[in-house]
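The data block below is target03.txt; it holds compact mmCIF, C-alpha atoms and all ligand atoms.
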```txt
# COMPACT_ATOMS: atom_id res chain seq x y z
CA MET A 1 10.92 5.94 24.28
CA ASN A 2 13.41 3.93 22.21
CA VAL A 3 12.12 2.90 18.80
CA LEU A 4 13.79 0.50 16.39
CA MET A 5 12.88 1.66 12.89
CA LEU A 6 13.54 -0.86 10.16
CA SER A 7 14.85 0.55 6.90
CA PRO A 8 14.51 4.20 7.97
CA GLY A 9 15.67 5.58 4.61
CA TYR A 10 13.86 3.44 2.05
CA PRO A 11 11.32 3.37 0.38
CA ALA A 12 10.50 7.02 -0.25
CA GLU A 13 8.08 7.57 2.65
CA MET A 14 10.26 6.00 5.35
CA PRO A 15 12.28 9.16 6.07
CA GLU A 16 8.96 10.93 6.73
CA PHE A 17 7.84 8.31 9.25
CA THR A 18 11.28 8.45 10.87
CA ARG A 19 10.97 12.22 11.09
CA GLY A 20 7.56 11.80 12.72
CA LEU A 21 9.03 9.55 15.40
CA VAL A 22 11.78 12.04 16.17
CA GLU A 23 9.29 14.92 16.28
CA VAL A 24 7.12 13.24 18.90
CA GLY A 25 10.18 12.75 21.06
CA ALA A 26 11.24 9.19 20.36
CA SER A 27 14.85 8.17 20.24
CA VAL A 28 15.11 6.32 16.93
CA ILE A 29 17.55 3.52 16.25
CA GLY A 30 17.65 2.68 12.57
CA VAL A 31 18.17 -0.88 11.33
CA GLY A 32 19.19 -1.50 7.74
CA ASP A 33 21.61 -3.37 5.54
CA GLN A 34 23.03 -0.36 3.77
CA PRO A 35 25.97 1.57 5.24
CA VAL A 36 24.90 4.51 7.38
CA GLY A 37 26.36 6.83 4.74
CA GLY A 38 23.79 5.54 2.27
CA LEU A 39 20.89 6.96 4.28
CA PRO A 40 19.31 10.26 3.24
CA GLU A 41 21.14 12.98 5.09
CA ARG A 42 18.11 14.30 6.95
CA THR A 43 17.44 10.80 8.26
CA ARG A 44 21.03 10.07 9.24
CA HIS A 45 21.23 13.23 11.32
CA THR A 46 18.15 12.48 13.38
CA LEU A 47 18.91 8.87 14.29
CA ALA A 48 20.13 8.19 17.82
CA ALA A 49 21.98 5.15 16.47
CA TYR A 50 22.12 2.90 13.45
CA VAL A 51 22.58 -0.85 13.34
CA GLN A 52 23.87 -2.15 10.05
CA VAL A 53 23.02 -5.82 9.62
CA GLY A 54 24.53 -8.12 6.98
CA SER A 55 21.18 -8.61 5.26
CA LEU A 56 17.58 -7.75 6.07
CA TRP A 57 16.50 -10.90 4.25
CA ASP A 58 18.34 -13.34 6.52
CA GLU A 59 15.97 -12.83 9.40
CA ALA A 60 17.54 -15.12 12.00
CA ARG A 61 20.94 -13.55 11.50
CA ALA A 62 19.56 -10.01 11.47
CA VAL A 63 17.79 -10.63 14.79
CA ALA A 64 21.01 -11.93 16.33
CA GLU A 65 23.01 -8.99 15.02
CA VAL A 66 20.52 -6.43 16.30
CA ARG A 67 20.38 -8.06 19.69
CA GLU A 68 24.14 -8.01 19.96
CA ALA A 69 24.42 -4.40 18.81
CA LEU A 70 21.82 -3.28 21.36
CA ALA A 71 23.85 -4.81 24.18
CA GLY A 72 20.91 -4.89 26.54
CA ARG A 73 19.56 -1.43 25.73
CA ARG A 74 15.79 -1.31 26.34
CA ILE A 75 13.58 -1.05 23.25
CA ASP A 76 9.96 0.10 23.51
CA ARG A 77 8.75 -0.32 19.94
CA VAL A 78 9.85 -2.03 16.73
CA GLU A 79 8.37 -0.33 13.67
CA SER A 80 8.37 -1.24 10.02
CA LEU A 81 6.10 0.21 7.35
CA TRP A 82 7.55 -1.73 4.46
CA GLU A 83 5.75 -4.95 3.55
CA PRO A 84 8.75 -7.26 3.04
CA LEU A 85 10.08 -6.45 6.52
CA MET A 86 6.88 -7.13 8.48
CA VAL A 87 7.95 -10.60 9.60
CA LEU A 88 11.45 -9.44 10.56
CA ALA A 89 9.84 -6.73 12.69
CA ALA A 90 7.65 -9.35 14.35
CA ARG A 91 10.63 -11.59 15.04
CA LEU A 92 12.53 -8.71 16.58
CA ARG A 93 9.57 -7.89 18.83
CA GLU A 94 9.49 -11.46 20.05
CA ALA A 95 13.25 -11.61 20.53
CA LEU A 96 13.39 -8.30 22.41
CA GLY A 97 10.14 -8.72 24.37
CA VAL A 98 8.52 -5.67 22.77
CA PRO A 99 4.73 -5.25 22.43
CA GLY A 100 3.07 -5.30 19.03
CA LEU A 101 2.32 -7.90 16.37
CA GLY A 102 4.26 -11.12 16.77
CA VAL A 103 5.01 -13.59 13.99
CA ALA A 104 1.72 -15.48 14.30
CA ASP A 105 -0.24 -12.19 14.26
CA THR A 106 1.68 -11.02 11.20
CA ILE A 107 1.21 -14.08 8.98
CA PRO A 108 -2.46 -13.27 8.16
CA PHE A 109 -1.26 -9.92 6.80
CA ARG A 110 1.41 -11.53 4.65
CA ASP A 111 -0.22 -14.73 3.42
CA LYS A 112 -3.32 -14.08 1.33
CA GLU A 113 -4.77 -17.51 2.09
CA ALA A 114 -4.22 -17.36 5.85
CA MET A 115 -5.76 -13.87 5.73
CA LYS A 116 -8.97 -15.06 4.10
CA VAL A 117 -9.23 -18.18 6.25
CA LYS A 118 -9.10 -16.02 9.36
CA LEU A 119 -11.61 -13.53 7.98
CA ASP A 120 -13.96 -16.28 6.80
CA ALA A 121 -14.04 -17.54 10.36
CA ALA A 122 -15.05 -14.04 11.46
CA GLY A 123 -17.91 -13.97 8.94
CA ILE A 124 -16.32 -11.49 6.50
CA ARG A 125 -17.33 -11.83 2.84
CA THR A 126 -14.12 -12.80 1.05
CA PRO A 127 -13.95 -13.98 -2.58
CA ARG A 128 -14.34 -17.75 -2.78
CA HIS A 129 -10.75 -18.96 -2.70
CA VAL A 130 -8.53 -22.04 -2.82
CA ALA A 131 -4.78 -22.25 -2.25
CA ALA A 132 -2.74 -24.16 -4.84
CA THR A 133 0.91 -25.17 -5.12
CA SER A 134 0.73 -27.24 -8.32
CA VAL A 135 -0.68 -26.93 -11.81
CA GLY A 136 -3.14 -29.73 -11.06
CA ALA A 137 -4.35 -27.98 -7.95
CA VAL A 138 -4.90 -24.72 -9.87
CA TRP A 139 -7.08 -26.55 -12.41
CA GLU A 140 -9.04 -28.22 -9.66
CA ALA A 141 -9.52 -24.92 -7.83
CA ALA A 142 -10.68 -23.13 -10.98
CA GLU A 143 -13.21 -25.85 -11.66
CA ARG A 144 -14.48 -25.76 -8.13
CA ILE A 145 -14.78 -21.96 -8.08
CA GLY A 146 -15.94 -21.54 -11.68
CA PHE A 147 -14.72 -19.06 -14.29
CA PRO A 148 -13.87 -16.21 -14.35
CA VAL A 149 -11.14 -16.64 -11.74
CA ILE A 150 -8.19 -14.64 -10.46
CA VAL A 151 -4.88 -16.38 -9.94
CA LYS A 152 -2.40 -14.53 -7.73
CA PRO A 153 0.61 -15.20 -5.50
CA ILE A 154 -0.24 -15.72 -1.84
CA ALA A 155 2.52 -13.21 -1.02
CA GLY A 156 2.08 -10.82 -3.94
CA ALA A 157 2.30 -7.05 -4.22
CA GLY A 158 1.54 -4.44 -6.83
CA SER A 159 -0.61 -6.85 -8.89
CA ALA A 160 2.55 -8.71 -9.93
CA ASP A 161 1.90 -12.19 -11.38
CA THR A 162 -1.84 -11.65 -10.98
CA TYR A 163 -4.15 -12.76 -13.79
CA ARG A 164 -7.81 -12.80 -14.57
CA CYS A 165 -8.82 -15.90 -16.49
CA ASP A 166 -12.24 -16.00 -18.09
CA SER A 167 -11.97 -19.50 -19.50
CA PRO A 168 -9.91 -22.73 -19.37
CA ASP A 169 -8.08 -21.55 -22.50
CA GLU A 170 -6.98 -18.36 -20.77
CA LEU A 171 -5.89 -20.31 -17.70
CA LYS A 172 -3.83 -22.60 -19.93
CA ASP A 173 -2.02 -19.53 -21.31
CA VAL A 174 -1.41 -18.08 -17.86
CA LEU A 175 -0.04 -21.19 -16.14
CA PRO A 176 3.45 -21.07 -17.71
CA ARG A 177 3.71 -17.39 -16.80
CA ILE A 178 3.20 -18.12 -13.09
CA ALA A 179 5.33 -21.28 -13.01
CA HIS A 180 7.91 -19.45 -10.86
CA VAL A 181 5.34 -18.60 -8.16
CA PRO A 182 5.52 -21.30 -5.48
CA SER A 183 2.05 -20.83 -4.01
CA VAL A 184 -1.03 -19.11 -5.42
CA SER A 185 -4.54 -18.17 -4.40
CA VAL A 186 -7.23 -19.01 -6.94
CA GLU A 187 -10.19 -16.71 -6.36
CA GLU A 188 -13.64 -16.01 -7.62
CA PHE A 189 -13.33 -12.93 -9.86
CA VAL A 190 -15.30 -10.13 -8.23
CA ASP A 191 -16.45 -7.49 -10.68
CA GLY A 192 -17.00 -4.00 -9.36
CA GLU A 193 -15.41 -0.80 -8.14
CA GLU A 194 -12.33 -1.01 -5.95
CA TYR A 195 -11.61 1.09 -2.87
CA THR A 196 -9.19 1.27 0.02
CA PHE A 197 -9.87 1.56 3.73
CA ASP A 198 -6.76 2.88 5.42
CA THR A 199 -6.43 3.46 9.13
CA VAL A 200 -4.22 4.54 11.95
CA THR A 201 -5.28 2.22 14.71
CA ILE A 202 -4.43 2.47 18.42
CA ASP A 203 -4.89 -0.70 20.47
CA GLY A 204 -7.67 -1.82 18.18
CA ARG A 205 -9.43 1.57 18.09
CA ILE A 206 -9.49 3.36 14.75
CA ALA A 207 -8.16 6.87 15.36
CA TYR A 208 -8.18 7.94 11.70
CA TYR A 209 -9.42 6.41 8.47
CA ASN A 210 -9.24 7.21 4.80
CA VAL A 211 -11.11 5.79 1.83
CA ALA A 212 -9.60 6.06 -1.63
CA TRP A 213 -11.12 5.04 -4.94
CA TYR A 214 -8.97 3.36 -7.59
CA ARG A 215 -9.76 4.49 -11.13
CA PRO A 216 -9.55 2.03 -12.77
CA ARG A 217 -8.97 -1.12 -10.69
CA PRO A 218 -5.25 -1.80 -10.08
CA LEU A 219 -5.13 -4.98 -12.16
CA ILE A 220 -6.50 -3.14 -15.20
CA ALA A 221 -4.15 -0.20 -14.62
CA ARG A 222 -1.18 -2.53 -14.39
CA SER A 223 -2.13 -4.42 -17.52
CA ASN A 224 -2.53 -1.40 -19.85
CA GLU A 225 0.35 1.00 -20.31
CA TRP A 226 -1.77 3.71 -21.94
CA ILE A 227 -3.82 4.22 -18.79
CA SER A 228 -2.99 7.05 -16.36
CA PRO A 229 -4.08 5.36 -13.11
CA GLN A 230 -5.83 7.50 -10.51
CA VAL A 231 -6.10 7.08 -6.76
CA VAL A 232 -8.70 9.46 -5.36
CA ALA A 233 -8.78 10.02 -1.59
CA LEU A 234 -12.40 10.80 -0.85
CA ARG A 235 -13.34 13.80 1.21
CA ASP A 236 -16.42 12.03 2.50
CA PRO A 237 -15.54 8.49 3.55
CA ASP A 238 -18.84 8.43 5.46
CA ALA A 239 -20.92 8.68 2.28
CA ALA A 240 -23.81 6.20 2.24
CA GLU A 241 -22.46 4.29 -0.77
CA LEU A 242 -19.24 3.50 1.12
CA ALA A 243 -20.83 2.59 4.44
CA ASP A 244 -20.85 -1.19 3.95
CA GLY A 245 -17.18 -1.16 2.95
CA VAL A 246 -16.19 0.95 5.93
CA ARG A 247 -18.18 -1.31 8.22
CA MET A 248 -16.40 -4.31 6.77
CA GLY A 249 -13.07 -2.57 7.34
CA VAL A 250 -13.84 -2.04 11.00
CA GLU A 251 -14.79 -5.71 11.37
CA VAL A 252 -11.63 -6.85 9.58
CA ILE A 253 -9.44 -4.80 11.93
CA ARG A 254 -11.22 -6.30 14.88
CA ALA A 255 -10.91 -9.84 13.51
CA LEU A 256 -7.19 -9.54 12.84
CA GLY A 257 -6.41 -8.00 16.20
CA VAL A 258 -4.54 -4.99 14.86
CA GLU A 259 -2.47 -3.45 17.63
CA ARG A 260 -1.00 -0.02 16.85
CA GLY A 261 -0.11 1.33 13.46
CA PHE A 262 -1.17 1.91 9.89
CA THR A 263 -3.40 -0.51 8.01
CA HIS A 264 -4.23 -0.56 4.31
CA MET A 265 -7.22 -2.63 3.16
CA GLU A 266 -8.67 -3.01 -0.31
CA TRP A 267 -12.29 -3.91 -0.93
CA TYR A 268 -14.63 -4.28 -3.85
CA LYS A 269 -18.17 -3.05 -4.38
CA LYS A 270 -20.25 -4.98 -6.88
CA ALA A 271 -22.91 -3.46 -9.09
CA ASP A 272 -25.61 -5.07 -6.92
CA GLY A 273 -24.15 -3.24 -3.89
CA GLU A 274 -22.53 -6.23 -2.22
CA VAL A 275 -19.11 -5.46 -0.72
CA VAL A 276 -16.31 -8.04 -0.81
CA PHE A 277 -12.98 -8.05 1.01
CA GLY A 278 -9.85 -7.76 -1.15
CA GLU A 279 -6.72 -7.74 1.00
CA ILE A 280 -5.13 -5.97 3.94
CA GLY A 281 -1.62 -5.00 4.95
CA ALA A 282 -0.39 -3.95 8.40
CA ARG A 283 1.27 -0.94 6.83
CA PRO A 284 0.25 2.19 4.92
CA PRO A 285 -0.39 2.26 1.19
CA GLY A 286 2.58 3.27 -0.97
CA ALA A 287 2.91 5.57 -3.98
CA HIS A 288 2.57 8.74 -1.88
CA GLN A 289 -0.93 7.90 -0.70
CA VAL A 290 0.09 8.93 2.82
CA ASP A 291 1.11 12.35 1.50
CA GLN A 292 -2.27 12.36 -0.21
CA MET A 293 -3.98 11.94 3.17
CA ASN A 294 -2.01 14.96 4.41
CA TYR A 295 -3.22 17.05 1.49
CA ALA A 296 -6.80 15.95 2.14
CA CYS A 297 -6.83 17.11 5.77
CA ASP A 298 -3.93 19.59 5.95
CA PHE A 299 -2.36 17.67 8.80
CA ASP A 300 0.76 15.58 9.25
CA VAL A 301 -0.23 11.94 9.46
CA PHE A 302 3.41 10.82 9.46
CA ARG A 303 3.75 12.52 12.83
CA GLU A 304 0.36 11.38 14.10
CA TRP A 305 1.19 7.79 13.17
CA ALA A 306 4.36 8.18 15.20
CA ARG A 307 2.43 9.58 18.15
CA ALA A 308 -0.08 6.74 17.87
CA VAL A 309 2.50 3.93 17.94
CA THR A 310 4.61 5.46 20.68
CA PHE A 311 2.21 7.26 23.00
CA GLY A 312 -1.16 5.86 21.93
CA ARG A 313 -2.50 9.25 20.84
CA PHE A 314 -3.61 10.87 17.58
CA ASP A 315 -3.69 14.57 18.38
CA ALA A 316 -4.25 16.39 15.09
CA PRO A 317 -7.85 17.40 14.45
CA ILE A 318 -9.30 15.52 11.46
CA GLU A 319 -10.85 18.07 9.15
CA ARG A 320 -11.65 16.59 5.81
CA LYS A 321 -11.26 19.54 3.46
CA TYR A 322 -10.53 18.11 0.03
CA ASN A 323 -10.86 15.24 -2.35
CA VAL A 324 -7.33 14.53 -3.51
CA ALA A 325 -6.58 12.82 -6.81
CA LEU A 326 -3.23 11.29 -7.68
CA ILE A 327 -2.87 10.87 -11.43
CA PHE A 328 0.13 8.76 -12.41
CA LYS A 329 1.56 9.27 -15.87
CA ARG A 330 3.38 6.88 -18.18
CA ALA A 331 5.40 8.42 -20.95
CA HIS A 332 4.90 7.44 -24.58
CA GLY A 333 7.98 5.90 -26.15
CA GLN A 334 11.15 4.56 -24.53
CA GLY A 335 14.33 6.17 -23.26
CA THR A 336 14.48 9.79 -22.17
CA ILE A 337 11.62 12.23 -21.77
CA TYR A 338 11.96 15.02 -24.35
CA ALA A 339 8.59 16.77 -24.15
CA VAL A 340 5.66 17.28 -21.79
CA GLU A 341 2.48 18.24 -23.60
CA GLY A 342 -0.70 19.68 -22.17
CA LEU A 343 0.72 20.62 -18.79
CA GLU A 344 0.69 24.36 -19.33
CA ALA A 345 -3.00 24.25 -20.11
CA ILE A 346 -3.67 22.35 -16.88
CA TYR A 347 -1.74 24.98 -14.91
CA ARG A 348 -3.63 27.74 -16.66
CA ARG A 349 -7.04 26.18 -16.11
CA HIS A 350 -6.58 24.43 -12.74
CA GLY A 351 -3.32 25.72 -11.30
CA ALA A 352 -4.85 26.46 -7.90
CA THR A 353 -5.87 22.82 -7.48
CA ILE A 354 -2.38 21.40 -8.05
CA ALA A 355 -1.00 20.33 -4.69
CA TRP A 356 2.09 18.56 -6.01
CA ASP A 357 3.66 18.34 -9.45
CA ASN A 358 5.91 15.31 -9.36
CA LEU A 359 6.00 14.65 -13.13
CA SER A 360 9.34 13.59 -14.52
CA LYS A 361 11.08 16.50 -16.17
CA ILE A 362 12.54 16.73 -19.64
CA GLY A 363 15.83 14.83 -19.69
CA ALA A 364 14.72 12.25 -17.11
CA ARG A 365 14.93 8.54 -17.95
CA ARG A 366 11.67 6.67 -18.19
CA ARG A 367 10.84 4.43 -15.25
CA ASN A 368 9.42 0.92 -15.42
CA TRP A 369 5.66 1.43 -15.13
CA ARG A 370 5.09 -2.22 -14.27
CA GLN A 371 7.44 -2.01 -11.29
CA THR A 372 6.30 1.32 -9.88
CA LEU A 373 2.80 2.68 -9.76
CA VAL A 374 4.39 6.13 -9.62
CA SER A 375 5.69 5.46 -13.17
CA ASP A 376 6.92 8.72 -14.74
CA GLY A 377 5.57 10.82 -11.91
CA PHE A 378 2.21 12.25 -10.95
CA LEU A 379 0.11 15.30 -10.48
CA MET A 380 -1.72 15.55 -7.19
CA ILE A 381 -4.76 17.76 -7.39
CA ARG A 382 -7.30 18.65 -4.73
CA HIS A 383 -10.72 20.22 -4.64
CA PRO A 384 -13.59 20.24 -2.13
CA ASP A 385 -16.07 18.98 -4.73
CA LEU A 386 -15.76 15.37 -5.90
CA ALA A 387 -17.22 15.79 -9.39
CA THR A 388 -14.83 18.69 -10.07
CA THR A 389 -11.91 16.66 -8.73
CA LEU A 390 -12.74 13.74 -11.01
CA SER A 391 -13.17 15.90 -14.06
CA ILE A 392 -9.80 17.62 -13.55
CA ALA A 393 -8.18 14.26 -12.89
CA ASP A 394 -9.60 12.91 -16.15
CA GLU A 395 -8.37 15.98 -18.00
CA VAL A 396 -4.86 15.36 -16.66
CA GLY A 397 -5.16 11.72 -17.67
CA GLU A 398 -6.24 12.50 -21.19
CA HIS A 399 -4.39 15.68 -22.07
CA VAL A 400 -1.05 15.65 -20.27
CA ARG A 401 1.38 13.60 -22.34
CA LEU A 402 5.01 12.84 -21.57
CA LEU A 403 6.97 11.88 -24.67
CA ALA A 404 10.17 9.82 -24.60
CA ARG A 405 12.67 8.63 -27.20
N1 LIG A 501 -10.87 -11.89 -6.49
C1 LIG A 501 -10.62 -10.83 -7.27
N2 LIG A 501 -11.58 -10.33 -8.09
C2 LIG A 501 -11.34 -9.28 -8.90
N3 LIG A 501 -10.16 -8.64 -8.96
C3 LIG A 501 -9.17 -9.07 -8.17
C4 LIG A 501 -9.33 -10.18 -7.27
N4 LIG A 501 -8.17 -10.37 -6.63
C5 LIG A 501 -7.31 -9.45 -7.10
N5 LIG A 501 -7.89 -8.66 -8.03
C6 LIG A 501 -7.29 -7.55 -8.77
O1 LIG A 501 -5.88 -7.68 -8.71
C7 LIG A 501 -5.31 -6.60 -7.96
C8 LIG A 501 -4.15 -7.10 -7.15
O2 LIG A 501 -4.59 -8.06 -6.22
P1 LIG A 501 -4.34 -7.90 -4.67
O3 LIG A 501 -4.97 -9.06 -4.00
O4 LIG A 501 -4.75 -6.54 -4.25
O5 LIG A 501 -2.76 -8.11 -4.57
P2 LIG A 501 -1.53 -7.09 -4.52
O6 LIG A 501 -2.06 -5.69 -4.54
O7 LIG A 501 -0.87 -7.43 -3.22
O8 LIG A 501 -0.71 -7.45 -5.71
C9 LIG A 501 -6.46 -6.05 -7.15
O9 LIG A 501 -6.26 -4.69 -6.83
C10 LIG A 501 -7.64 -6.25 -8.09
O10 LIG A 501 -7.71 -5.22 -9.07
MG MG A 502 -3.64 -4.91 -3.61
```

Output the structure of this file as structure tokens.
Ligand SMILES: Nc1ncnc2c1ncn2[C@@H]1O[C@H](COP(=O)(O)OP(=O)(O)O)[C@@H](O)[C@H]1O
Ligand SMILES: [Mg+2]
Amino acid sequence: MNVLMLSPGYPAEMPEFTRGLVEVGASVIGVGDQPVGGLPERTRHTLAAYVQVGSLWDEARAVAEVREALAGRRIDRVESLWEPLMVLAARLREALGVPGLGVADTIPFRDKEAMKVKLDAAGIRTPRHVAATSVGAVWEAAERIGFPVIVKPIAGAGSADTYRCDSPDELKDVLPRIAHVPSVSVEEFVDGEEYTFDTVTIDGRIAYYNVAWYRPRPLIARSNEWISPQVVALRDPDAAELADGVRMGVEVIRALGVERGFTHMEWYKKADGEVVFGEIGARPPGAHQVDQMNYACDFDVFREWARAVTFGRFDAPIERKYNVALIFKRAHGQGTIYAVEGLEAIYRRHGATIAWDNLSKIGARRRNWRQTLVSDGFLMIRHPDLATTLSIADEVGEHVRLLAR
């Protein structure tokens, strides 16, 4: 089993997926644009080969370079779990005659308008939406849909360049800020709670799924620095109040023809109970939410993903033992972190629930909280009871303070 793994060393979770592939017995050929010496050591040592291309962003050239470097060697799978490389992976599959999502199958995962058009045709409840490539078209779309609206890039990520506009005045303020975005989706603003539906899917069959709850919604978290955003993987994704969202997720996967791999969907639940589709990627969530799944079930989903894409199996038993909360912290002040307040008390009171302390240490530089959800690190806590999990998570949010100057 020869697997081409795109960007095996970056971002942070990719070495884990690469490890998983090696552990299930695949021979992994890495493809990246950094020199092989730039890979994490543990990744470099496990690769059967590495193809360094000139640039991962010049897709046609990268495909040609990979093809030449392979010199006819048979490839069984092309894997990428990083959003910006999904189309390159699809092109490589087509060029090398490898099964999996081709370019046409991948577009609905990359283009937020194509995604909704396809799901509308399948009868999925998406937000009312209109694509726009000019200021005039945005105005027209907003009038047609009615305020409040969301304006967001059709190929966005991490809530970047995404705005809620409650009135024409607000839209007028936002338009100059999105002038650099070539193509946007204007959507009906859907008020409610926001959840994920994440899966490992094997030939259209969902072998494993996870539901996480965003507290608060990502757009609010990304717009307010003082918030410590939480992502809570729920121990009971089969709870009655999630059933409509999970059902929608299953239908979405069917409609998009997911082959093998991770998927990450977001969906909204309104106060009146209606569930509405948000978006889906043919990849896992980021920000250590795959590690979070591992802590919820005490298994190794990196390895099971690898087994699923290569051999079509998910062998680990799925025992849902814990709710797992990720609480991301943003330091107060700029520069270097000089104090961490409130952490000792959390250890004293809830030390046994801390699965991972990833908080930046004293002396570390602050990170850009708008660019990384991880911000200045996180605490991951787990507990079998949801109410207890939420209350500890809120305590971490309120009482742990990183100070920078
Ligand atoms: N139609 C909508 N109604 C309400 N909130 C939305 C809507 N579209 C996006 N958002 C908010 O913006 C966030 C980012 O949008 P999303 O479509 O998930 O793009 P991405 O995560 O790729 O940047 C969502 O998580 C949600 O909080
Ligand atoms: Mg999103």

Could I get the residues of chain A with an atom no further than 7 Å from an atom of ligand MG 502 (chain A), each paired with its nearest atom pair and that distance in Å to one decimal, using only C-alpha atoms and all ligand atoms, sorted by chain and residue number, as CSV?
```
residue,atom,partner,partner_atom,distance
A:Ala157,CA,A:MG502,MG,6.3
A:Gly158,CA,A:MG502,MG,6.1
A:Ser159,CA,A:MG502,MG,6.4
A:Glu266,CA,A:MG502,MG,6.3
A:Glu279,CA,A:MG502,MG,6.2
```

Convert the current residue selection to file output with C-alpha atoms, as a PDB file, in the frame of the given file.
```pdb
ATOM      1  CA  ALA A 157       2.300  -7.050  -4.220  1.00  0.00           C
ATOM      2  CA  GLY A 158       1.540  -4.440  -6.830  1.00  0.00           C
ATOM      3  CA  SER A 159      -0.610  -6.850  -8.890  1.00  0.00           C
ATOM      4  CA  GLU A 266      -8.670  -3.010  -0.310  1.00  0.00           C
ATOM      5  CA  GLU A 279      -6.720  -7.740   1.000  1.00  0.00           C
TER       6      GLU A 279
END
```

Task: Å distance separating atom CA of A:Val87 from atom CA of A:Val103, one decimal place - done: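 Separating atom CA of A:Val87 from atom CA of A:Val103 is a distance of 6.1 Å.
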
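Minimum distance to A:Ala325 across A:Ala306, A:Ser360, A:Met265, A:Val396 (counting all atoms listed in the file) occurs at A:Val396.
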
- [ ] Name the residues, by chain letter and number, that sit within 6 Å of ligand LIG 501 (chain A) using all atoms listed in the file, and give them as a PyMOL selection string.
- [x] chain A and resi 127+150+156-160+187-191+217-219+278-279

How big is the axis-aligned box, and where does its centre sit, when it encloses all atoms of stretch 372-378 of chain A listed in the file and has 8 Å added on every side, reported in Å to one decimal as lines of an AutoDock Vina configuration file?
```
center_x = 4.6
center_y = 6.8
center_z = -12.2
size_x = 20.7
size_y = 26.9
size_z = 21.1
```

Which residues of stretch 4-31 of chain A sit at most 9 Å from stretch 43-58 of chain A, using all atoms listed in the file? Give each one's shortest atom pair and distance in Å (one decimal place), in chain and ascending residue order, as a tab-separated table.
```
residue	atom	partner	partner_atom	distance
A:Leu6	CA	A:Leu56	CA	9.0
A:Ser7	CA	A:Leu56	CA	8.8
A:Pro8	CA	A:Thr43	CA	7.2
A:Gly9	CA	A:Thr43	CA	6.6
A:Pro15	CA	A:Thr43	CA	5.8
A:Glu16	CA	A:Thr43	CA	8.6
A:Thr18	CA	A:Thr43	CA	7.1
A:Arg19	CA	A:Thr43	CA	7.2
A:Val22	CA	A:Thr46	CA	7.0
A:Ser27	CA	A:Ala48	CA	5.8
A:Val28	CA	A:Leu47	CA	5.3
A:Ile29	CA	A:Ala49	CA	4.7
A:Gly30	CA	A:Tyr50	CA	4.6
A:Val31	CA	A:Val51	CA	4.8
```

Please report, as CSV, each residue of stretch 72-142 of chain A lying at most 12 Å from stretch 285-302 of chain A, together with the nearest pair of atoms and the separation in Å rounded to one decimal; use only C-alpha atoms, and order rows by chain and ascending residue number.
```
residue,atom,partner,partner_atom,distance
A:Leu81,CA,A:Pro285,CA,9.2
A:Trp82,CA,A:Gly286,CA,8.9
A:Glu83,CA,A:Pro285,CA,9.8
```

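Close contacts of stretch 132-140 of chain A, defined as residues with an atom at most 10 Å away when counting only C-alpha atoms, with chain neighbours fewer than 2 positions off set aside, comprise Glu113, His129, Val130, Ala142, Glu143, Arg144, Ile145, Gly146, Val151, Pro153, Ile154, Pro168, Leu171, Lys172, Leu175, Pro176, Ile178, Ala179, Val181, Pro182, Ser183, Val184, Ser185 and Val186 of chain A.
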
TODO: Go through A:Ile280, A:Val211, A:Ala69, A:Leu359 one by one, measure the shortest atom-to-atom distance of each to A:Ala155 using all atoms listed in the file, and give the residue with the smallest value.
DONE: A:Ile280

Please rebuild stretch 196-204 of chain A with N, CA and C atoms and give the result as a PDB file, keeping the file's coordinate frame.
```pdb
ATOM      1  N   THR A 196     -10.028   1.607  -1.134  1.00  0.00           N
ATOM      2  CA  THR A 196      -9.190   1.270   0.020  1.00  0.00           C
ATOM      3  C   THR A 196      -9.950   1.632   1.297  1.00  0.00           C
ATOM      4  N   PHE A 197      -9.477   1.098   2.389  1.00  0.00           N
ATOM      5  CA  PHE A 197      -9.870   1.560   3.730  1.00  0.00           C
ATOM      6  C   PHE A 197      -8.579   1.553   4.519  1.00  0.00           C
ATOM      7  N   ASP A 198      -8.076   2.735   4.782  1.00  0.00           N
ATOM      8  CA  ASP A 198      -6.760   2.880   5.420  1.00  0.00           C
ATOM      9  C   ASP A 198      -6.973   3.454   6.812  1.00  0.00           C
ATOM     10  N   THR A 199      -6.228   2.938   7.767  1.00  0.00           N
ATOM     11  CA  THR A 199      -6.430   3.460   9.130  1.00  0.00           C
ATOM     12  C   THR A 199      -5.113   3.681   9.854  1.00  0.00           C
ATOM     13  N   VAL A 200      -5.193   4.548  10.857  1.00  0.00           N
ATOM     14  CA  VAL A 200      -4.220   4.540  11.950  1.00  0.00           C
ATOM     15  C   VAL A 200      -5.006   4.036  13.151  1.00  0.00           C
ATOM     16  N   THR A 201      -4.563   2.899  13.652  1.00  0.00           N
ATOM     17  CA  THR A 201      -5.280   2.220  14.710  1.00  0.00           C
ATOM     18  C   THR A 201      -4.448   2.228  15.999  1.00  0.00           C
ATOM     19  N   ILE A 202      -5.123   2.435  17.124  1.00  0.00           N
ATOM     20  CA  ILE A 202      -4.430   2.470  18.420  1.00  0.00           C
ATOM     21  C   ILE A 202      -5.089   1.455  19.334  1.00  0.00           C
ATOM     22  N   ASP A 203      -4.378   0.371  19.610  1.00  0.00           N
ATOM     23  CA  ASP A 203      -4.890  -0.700  20.470  1.00  0.00           C
ATOM     24  C   ASP A 203      -6.292  -1.113  20.026  1.00  0.00           C
ATOM     25  N   GLY A 204      -6.418  -1.333  18.730  1.00  0.00           N
ATOM     26  CA  GLY A 204      -7.670  -1.820  18.180  1.00  0.00           C
ATOM     27  C   GLY A 204      -8.718  -0.743  17.892  1.00  0.00           C
TER      28      GLY A 204
END
```
